[in-house]
Amino acid sequence: MKVDVVLGLQWGDEGKGKIVDVLANNYPVVARFQGGPNAGHSLHFGDMSFVLHSVPSGVFRKDAINIIGNGVVLDPIIFREECEKLEAIGVPVRERVVIAKKAHLILPTHRTLDAASEASKGKSKIGSTLKGIGPTYMDKTGRNGLRVGDTLAENFQERFQALKDKHIGLLKQYDFEYDPNQNEKEWMDAIEYLKSFQLVDGEYFANKKLKEGSRILAEGAQGSMLDVDFGSYPFVTSSSTTCSGACIGMGVAPCTIDRVFGIFKAYCTRVGSGPFPTELFDETGERLRQLGHEFGATTGRPRRTGWLDLVALKYAIMLNGVTELIMMKSDVMDTFDTVKVATGYIVDGVETDKVPYDTYAEVTPIYKEFKGWNKDLSKAKDEKELPFEFMNYVRFIEKEVGVPISIISLGPDRDQTIVRE
């Protein structure tokens, strides 16, 4: 069988959690392949809401096995808190979640390094969530990291202490006060909880499932425009958020990838620093923020808001080989008289349809305007119920990017979803 991939095409917060939950009903295996607890996937069904930071979004589906892949970095404390909340509402996480032994662990001192580094940058801050993600990936690529499988070793405490000592040495370069033993006991207790899960050789586990005929849904975190190679560097995350990251983060071959679902909002948002060509600083931007409840699921920070950017969207579609699009939060713009879309940029006085290399370039968006639909979309159950003005907007996007929009989300609940023929 094959692997289908769901990922965000903007700067994160596109609504991946809801879509994975909706799609998971068709997949016996759901896998998270990169990122850490800096991502928050929000799910809403009935009168219940939940934010998942490390656990794959298929955990609410009783017949799905959920893999935390080797490309993920895992904070045992946050993982335990998340799982205990799930257990409290009757979700049997130990039955539904397996963890790759090659996934790396976030230590308390990783979080301290993250905070010290960010504080030292002053106005050049990248907007880190301070969860220790960057320093953990640095240890991974520097071949110093601790992995989930290491918790089973007899000398695990020695390995932990060696890495902690290395971090304390690095922290001497910063003028930053901290407690080197902060959260250490809680972290060790959480490690024991982590070991109560099935720890697997993730690459063998995933490929065995494929050979047995199980289709896998791979769930990305953050968004394509935050990819460490292809995003707005250095204002990016520390992992590969694009489709190729699914192969690396799960241990599956590129030829196993089949459908690629690209998720985007009908407008744009971004948390933290970095370029955002269509950002709105006026009343319209604030209106989008309030109507869309655009506040970070992980940090609570207000998100920056702006019009849909087709230059960035086409770029992300190209990088990921997207086969079908999923459009989120169209209902947020129900009361706007005019809706705008950026179809090009002016960079250094030259018109272009490409994302510039220079992160700090002065970019002026070129807009196309659409008449708003001024109708409540959230109650629609069928495409035929959607107004002409809205469908005109949808079809324009499809024509411009060359990929069909197969699903339209019109609210946070599972049922507020239209699957197009």
# chains A, B, ... in the order shown; residues from 1 in each chain; ligands from 1
$ residues_around --residues "segment 262-268 of chain A" --least-positions-apart "6" --cutoff "9 Å" --atoms "only C-alpha atoms" --output "ChimeraX atom specification"
/A:5-16,19,276,278-279,288,304-309,313,316-317,320,322-333,340-341
$ select_by_dssp --residues "segment 242-396 of chain A" --states "strand (DSSP E)" --output "ChimeraX atom specification"
/A:257-265,268-270,304-306,308-309,324-328,338-347,350-352,363-371
$ residues_around --residues "Leu113 of chain A" --least-positions-apart "5" --cutoff "8 Å" --atoms "only C-alpha atoms" --output "ChimeraX atom specification"
/A:132,135,167,170-171
$ residues_around --residues "segment 173-188 of chain A" --least-positions-apart "5" --cutoff "9 Å" --atoms "only C-alpha atoms" --output "tab-separated table (two decimals) with N, CA and C atoms, in the first residue's frame"
chain	number	residue	atom	x	y	z
A	75	ASP	N	9.20	15.92	24.00
A	75	ASP	CA	9.39	16.36	25.38
A	75	ASP	C	8.58	15.44	26.28
A	76	PRO	N	9.22	14.59	27.10
A	76	PRO	CA	8.47	13.62	27.90
A	76	PRO	C	7.44	14.23	28.83
A	77	ILE	N	7.74	15.42	29.38
A	77	ILE	CA	6.81	16.07	30.30
A	77	ILE	C	5.54	16.48	29.57
A	107	LEU	N	15.47	17.66	26.36
A	107	LEU	CA	15.85	17.74	27.76
A	107	LEU	C	15.45	19.10	28.34
A	108	PRO	N	15.31	19.20	29.67
A	108	PRO	CA	15.04	20.52	30.27
A	108	PRO	C	16.07	21.57	29.88
A	109	THR	N	17.35	21.15	29.75
A	109	THR	CA	18.39	22.11	29.39
A	109	THR	C	18.31	22.52	27.92
A	112	THR	N	16.22	25.52	28.21
A	112	THR	CA	16.99	26.63	28.76
A	112	THR	C	17.88	27.25	27.68
A	115	ALA	N	15.75	29.42	25.40
A	115	ALA	CA	15.40	30.70	26.00
A	115	ALA	C	16.60	31.65	26.04
A	116	ALA	N	17.78	31.12	26.39
A	116	ALA	CA	18.98	31.95	26.48
A	116	ALA	C	19.38	32.49	25.10
A	117	SER	N	19.32	31.63	24.10
A	117	SER	CA	19.67	32.04	22.74
A	117	SER	C	18.72	33.10	22.22
A	119	ALA	N	16.82	35.16	23.97
A	119	ALA	CA	16.97	36.40	24.74
A	119	ALA	C	18.18	37.20	24.29
A	120	SER	N	19.21	36.51	23.83
A	120	SER	CA	20.45	37.18	23.44
A	120	SER	C	20.33	37.91	22.10
A	164	LYS	N	23.59	16.92	29.50
A	164	LYS	CA	23.27	18.06	30.37
A	164	LYS	C	24.53	18.89	30.64
A	168	ILE	N	25.28	22.87	29.89
A	168	ILE	CA	25.72	23.84	30.92
A	168	ILE	C	26.97	24.58	30.43
A	193	TYR	N	7.05	7.08	32.45
A	193	TYR	CA	5.72	7.02	31.81
A	193	TYR	C	5.87	6.70	30.32
$ residues_around --residues "Ala31 of chain A" --least-positions-apart "3" --cutoff "9 Å" --atoms "only C-alpha atoms" --output "PyMOL selection string"
chain A and resi 56-58+65-69+206+216-220+250
$ write_last_selection --atoms "C-alpha atoms" --output "PDB file, in the first residue's frame"
ATOM      1  CA  PRO A  56      -0.890  12.216  16.057  1.00  0.00           C
ATOM      2  CA  SER A  57      -4.377  13.531  15.316  1.00  0.00           C
ATOM      3  CA  GLY A  58      -5.762  10.059  14.552  1.00  0.00           C
ATOM      4  CA  ILE A  65      -2.695   3.014  15.157  1.00  0.00           C
ATOM      5  CA  ASN A  66      -0.737   6.248  15.635  1.00  0.00           C
ATOM      6  CA  ILE A  67       3.034   6.382  15.093  1.00  0.00           C
ATOM      7  CA  ILE A  68       5.253   9.092  16.556  1.00  0.00           C
ATOM      8  CA  GLY A  69       8.009   8.896  13.943  1.00  0.00           C
ATOM      9  CA  ALA A 206       5.752   1.493   9.148  1.00  0.00           C
ATOM     10  CA  ILE A 216      -0.712   5.281   6.123  1.00  0.00           C
ATOM     11  CA  LEU A 217      -1.711   8.912   6.595  1.00  0.00           C
ATOM     12  CA  ALA A 218       1.402  10.978   7.381  1.00  0.00           C
ATOM     13  CA  GLU A 219       0.749  14.159   9.332  1.00  0.00           C
ATOM     14  CA  GLY A 220       3.063  17.147   9.086  1.00  0.00           C
ATOM     15  CA  MET A 250       9.177   7.808   9.070  1.00  0.00           C
TER      16      MET A 250
END
$ select_by_dssp --residues "segment 49-264 of chain A" --states "alpha helix (DSSP H)" --output "PyMOL selection string"
chain A and resi 76-88+93-96+108-120+133-141+156-171+184-194+202-211+244-250
$ closest_residue --among "A:Phe79, A:Tyr357, A:Tyr27, A:Phe396" --to "Asp229 of chain A" --atoms "only C-alpha atoms"
A:Tyr357
$ residues_around --residues "Met138 of chain A" --least-positions-apart "6" --cutoff "9 Å" --atoms "only C-alpha atoms" --output "list in words"
Asn144, Gly145 and Ser238 of chain A
$ residues_around --residues "Asp201 of chain A" --least-positions-apart "3" --cutoff "6 Å" --atoms "only C-alpha atoms" --output "list in words"
Ala100, Lys101 and Tyr204 of chain A
